Amino acid sequence: MASVLKIIDLAKVYALESVMVYALKGVSIEVEEGDFVALMGPSGSGKSTLLNLLGCLDRPSNGQYFLAGQDVARMEDDQLSDIRSRYLGFIFQQYNLLPQYTVVENIEIPLLYQGAKLSSATTDRCTGLARLVGLGNRLDHRPMQLSGGQQQRVAIARSLVNDPAVILADEPTGNLDSRTSDEIMQLLSKLNEAGKTIIMVTHENDIASWAKRVIRMRDGVIESDVRNDKPTVAIDGDTTTLQTELLESLVLNRNK
Amino acid sequence: MLIFSIIAILMLATLFASILLWDKGRRSFILAVRSLWLHRLRAFLSVLGIIIGTGAVISLMAFGEGSMQDALDDIRRLGANNIMVRSVKPTDESNSSKRSYIAIYGLTYTDFDKIATIPTVTRMVPMRIFPQEARRGYKSVNSRVVSTIPDYMDIHNVEMKSGRFLVSDDEVLLRNVVVLGSELANRLFPFENPQDKEVQLGTFFYKVIGVMKERSQGGVSTEDVNLDAVIPIATARARFGEKIFMRSAGSRSAEKVEISQITLTVSETEKVRPTGEIIRSILENHSKSDWTVNVPLDRLEEAERAKERYKMLLVLIASISLLVGGIGIMNIMLATVTERTREIGFRRALGAKRRDITLQFLIEAVVQTSVGGVLGIGLGLTMVFALPFIAETFWDARIPAKVHFESITWSLTTAVAVGVIFGIYPSRRAALMDPIEALRHV
Ligand SMILES: Nc1ncnc2c1ncn2[C@@H]1O[C@H](COP(=O)(O)OP(=O)(O)OP(=O)(O)O)[C@@H](O)[C@H]1O
Ligand SMILES: [Mg+2]
């Protein structure tokens, strides 16, 4: 399989007034297309720092980063915005939806920054994704009218709308109870089955068990990097084939 | 000036059209409107400065323009090329004690002839004006006789309701004819057509040859010009003489005045002032100060200068209130930016560039100030229409108001400009935030 992203010796140093904080001390990872990676490790081990670098929200102090074949480590702010909007999808712990927007308008946001012209086709895409994540009957609801799990589904739909090469999720189930977490993980797992590359930070082994590969970090370095031969899979049966079809049609709709 | 307002309107229209036709702009616009609606009271209070400022400017402009226009109209009615020379009763205390005394003063025919030699004077209309009872049968009205020449009609913008004005033959033949003011005609002839009827002025009867249309007071004289009875000046001289006796509170007084007023027209506007000076020097040899020279052009220019000063004052008021309003907007935008730090963070993560964030908050500021501007214009127009109405119904006072179309377009343009200017700093601050820090914000 081809690799979507590759980091070599990536380092991040925060220069505070008196001390230098070495948050990342030379990390090298290569992630293949279609992989599902869980980043684990104790608090302060540098997971979020790494994910922010992978998400092009920050620039490394040292090292190289290739995303979809491009060297992004030293790019300008505007270029990074372009890279994010073209190749990356984000899912946050706090959902981060706009309370003034409806479900569909929230899903639409990344398209605006892609410079896409809003049309009935883009609206169809957004409503399709809302249906895909199981919110077909909530299209015009505001985030306040949705449960936490439903809000996170909207966020997942939003992360898919620009058809990103990689989806980055920082503790996507951190605010949810275990049952809802399970539902969210089923959804992510199915997206992964449909070909989406996912990198996810988590503290919980249960959650990490859904991933195909688990990277453990400690003090800014990789402690272990193991493949999970038997990841938890979405229990088929209660998921309709219709959903799968829709999923595939949207995800395979890459020839834009 | 109108062209500027048209350009301003076009620019505003283009601005809002381009915001609304551009997807990002439209979403920002919708977001702005919804957030404003969400925080209605806060938004209202923050644009209150702009609302009051715009409202004040619109209404003050309208009232100022209205009263200036009134004053200017008055002066223009007198004619910018005209000069009025009037006889004035000199204030001399020794006279007032005597019971019966003939006050001799004022302009004379000699003066008239001297002034007539000034080459820039193209037309002169002498008048002899005195109070006189007008009688028709048992009805009598305290009227005012204005004896003059046919040119009076033209120089004082008289329009006829019926019949004709004086002609030179009336003068030459010393005809006993009279032209009635509209009100005088109404009072003397409430039920009949006054044309060719007789009216008694003093001891003689005069045939009514015409009735003038109602004339506006002009704000200068206290007498009602619509009670005038206009007769040929030669006739007046022959019938009344120069001495006029007046009875007031038991005492009898008499005046001897040859000419009460001369209205004269000057060939060119630039020559009005020098001509006025020459007339003054001619009248300088009177032993008493029993005359005045009134040059409406002076007052016209004075009024126009006052108008300019008023405008400057308004600009000052407008700038102060817009500054205050702008600071209000800036304050609320800074609060909004802090409040929505997380939104800024995840928008950046989802692909927004710095300029997208800048524009989003700028649009919000502009939407706020535009709404403020529109509400302010509404407030101003309400005052412009309500205040004169209230004043008229409760105090019977007239407040002239003239809404200035330009004041509306300018207020709107400045409101938008205030949004842009005072929105720049908060928007830049939002755009320059570090996305990671912004995302971490609680
Ligand atoms: N902006 C910053 N300035 C200074 N130090 C920072 C900054 N961000 C992170 N760090 C430091 O970098 C190290 C790694 O932080 P990071 O947030 O990546 O940990 P984490 O693995 O995500 O922890 P958690 O599980 O609690 O989220 C920490 O020691 C932290 O204090
Ligand atoms: Mg973290």
# chains A, B, ... in the order shown; residues from 1 in each chain; ligands from 1
$ interface_residues --of "chain A" --to "chain B" --cutoff "8 Å" --atoms "only C-alpha atoms" --output "VMD selection string"
chain A and resid 52 55 57 to 58 77 to 78 81 to 86 89 to 90 96 98 100 to 101 109 to 110 112 to 114 117 to 118
$ residues_near_ligand --ligand "ligand 2" --cutoff "8 Å" --atoms "only C-alpha atoms and all ligand atoms" --output "list in words"
Ser43, Gly44, Gly46, Lys47, Ser48, Thr49, Asp170, Glu171 and Val201 of chain A
$ residues_around --residues "B:Thr382" --least-positions-apart "5" --cutoff "12 Å" --atoms "only C-alpha atoms" --output "count of residues only"
14
$ residues_near_ligand --ligand "ligand 1" --cutoff "8 Å" --atoms "only C-alpha atoms and all ligand atoms" --output "PyMOL selection string"
(chain A and resi 13-16+21-24+40-51+202-203+217+219-220) or (chain B and resi 437)
$ residues_around --residues "B:Thr292" --least-positions-apart "5" --cutoff "7 Å" --atoms "only C-alpha atoms" --output "list in words"
Val85, Arg86, Ser87 and Val88 of chain B
$ write_last_selection --atoms "N, CA, C and O atoms" --output "mmCIF file, in the first residue's frame"
data_model
loop_
_atom_site.group_PDB
_atom_site.id
_atom_site.type_symbol
_atom_site.label_atom_id
_atom_site.label_comp_id
_atom_site.auth_asym_id
_atom_site.auth_seq_id
_atom_site.Cartn_x
_atom_site.Cartn_y
_atom_site.Cartn_z
ATOM 1 N N VAL B 85 -34.590 100.926 0.309
ATOM 2 C CA VAL B 85 -34.271 102.128 1.078
ATOM 3 C C VAL B 85 -35.561 102.539 1.776
ATOM 4 O O VAL B 85 -36.600 102.677 1.127
ATOM 5 N N ARG B 86 -35.513 102.675 3.079
ATOM 6 C CA ARG B 86 -36.747 102.944 3.824
ATOM 7 C C ARG B 86 -36.622 104.211 4.654
ATOM 8 O O ARG B 86 -35.544 104.564 5.123
ATOM 9 N N SER B 87 -37.765 104.827 4.844
ATOM 10 C CA SER B 87 -37.831 105.942 5.791
ATOM 11 C C SER B 87 -38.056 105.377 7.170
ATOM 12 O O SER B 87 -38.837 104.454 7.348
ATOM 13 N N VAL B 88 -37.348 105.953 8.145
ATOM 14 C CA VAL B 88 -37.513 105.499 9.516
ATOM 15 C C VAL B 88 -37.815 106.709 10.378
ATOM 16 O O VAL B 88 -37.174 107.752 10.241
#
$ select_by_dssp --residues "stretch 89-258 of chain B" --states "helix (DSSP H, G or I)" --output "ChimeraX atom specification"
/B:93-97,109-116,152-155,168-172,182-188,225-227,233-240
$ write_last_selection --atoms "C-alpha atoms" --output "tab-separated table (two decimals), in the first residue's frame"
chain	number	residue	atom	x	y	z
B	93	GLU	CA	-37.78	112.16	22.88
B	94	SER	CA	-38.59	115.89	22.84
B	95	ASN	CA	-41.33	115.27	20.28
B	96	SER	CA	-43.26	112.65	22.17
B	97	SER	CA	-44.29	115.02	24.94
B	109	TYR	CA	-38.46	113.15	-4.06
B	110	THR	CA	-35.12	114.94	-4.17
B	111	ASP	CA	-33.49	111.83	-2.77
B	112	PHE	CA	-35.39	109.78	-5.30
B	113	ASP	CA	-34.13	111.88	-8.17
B	114	LYS	CA	-30.57	111.75	-6.89
B	115	ILE	CA	-30.62	107.99	-6.54
B	116	ALA	CA	-32.11	107.72	-10.00
B	152	TYR	CA	-44.24	97.28	-7.92
B	153	MET	CA	-45.98	94.20	-9.27
B	154	ASP	CA	-42.84	92.84	-10.83
B	155	ILE	CA	-40.33	93.77	-8.15
B	168	SER	CA	-49.05	103.91	-16.04
B	169	ASP	CA	-52.25	105.56	-17.23
B	170	ASP	CA	-53.67	105.23	-13.73
B	171	GLU	CA	-50.73	107.34	-12.64
B	172	VAL	CA	-50.95	109.91	-15.38
B	182	SER	CA	-56.61	88.88	-0.87
B	183	GLU	CA	-57.59	89.14	2.79
B	184	LEU	CA	-58.83	92.69	2.46
B	185	ALA	CA	-61.00	91.64	-0.49
B	186	ASN	CA	-62.41	88.76	1.55
B	187	ARG	CA	-63.32	90.99	4.46
B	188	LEU	CA	-64.82	93.83	2.47
B	225	VAL	CA	-49.45	92.25	3.31
B	226	ASN	CA	-52.72	90.62	2.34
B	227	LEU	CA	-54.56	93.57	3.92
B	233	ILE	CA	-48.72	106.97	-6.02
B	234	ALA	CA	-49.69	110.11	-7.93
B	235	THR	CA	-53.30	109.62	-6.90
B	236	ALA	CA	-52.23	109.20	-3.28
B	237	ARG	CA	-50.22	112.41	-3.40
B	238	ALA	CA	-53.14	114.31	-4.82
B	239	ARG	CA	-55.80	112.86	-2.53
B	240	PHE	CA	-53.98	112.38	0.79
$ select_by_dssp --residues "stretch 3-227 of chain A" --states "strand (DSSP E or B)" --output "PyMOL selection string"
chain A and resi 3-15+20-32+36-40+62-67+70-71+88-91+166-170+197-201+213-218+221-227
$ residues_around --residues "stretch 303-312 of chain B" --least-positions-apart "2" --cutoff "12 Å" --atoms "only C-alpha atoms" --output "PyMOL selection string"
chain B and resi 57-58+60-76+296-301+314-319+407
$ residues_around --residues "B:Val211" --least-positions-apart "3" --cutoff "12 Å" --atoms "only C-alpha atoms" --output "PyMOL selection string"
chain B and resi 158-166+177-186+188-189+193-197+207-208+214-215+226-230
$ atom_distance --atom1 "atom CA of B:Tyr206" --atom2 "atom CA of B:Thr108"
25.9 Å
$ residues_around --residues "A:Leu129" --least-positions-apart "3" --cutoff "10 Å" --atoms "only C-alpha atoms" --output "PyMOL selection string"
chain A and resi 104+107+123-126+132-136+153-154+156-161+246-247+250-251
$ atom_distance --atom1 "atom CA of B:Val337" --atom2 "atom CA of A:Leu88"
25.5 Å
$ closest_residue --among "B:Arg175, B:Tyr425, B:Ser267, B:His404" --to "B:Met330" --atoms "only C-alpha atoms"
B:Tyr425
$ closest_residue --among "A:Gly34, A:Pro172, A:Gly26, A:Gly128" --to "A:Ser61" --atoms "only C-alpha atoms"
A:Gly26
$ closest_residue --among "A:Val31, A:Ile222, A:Ala169, A:Leu53" --to "A:Gln94" --atoms "only C-alpha atoms"
A:Ala169
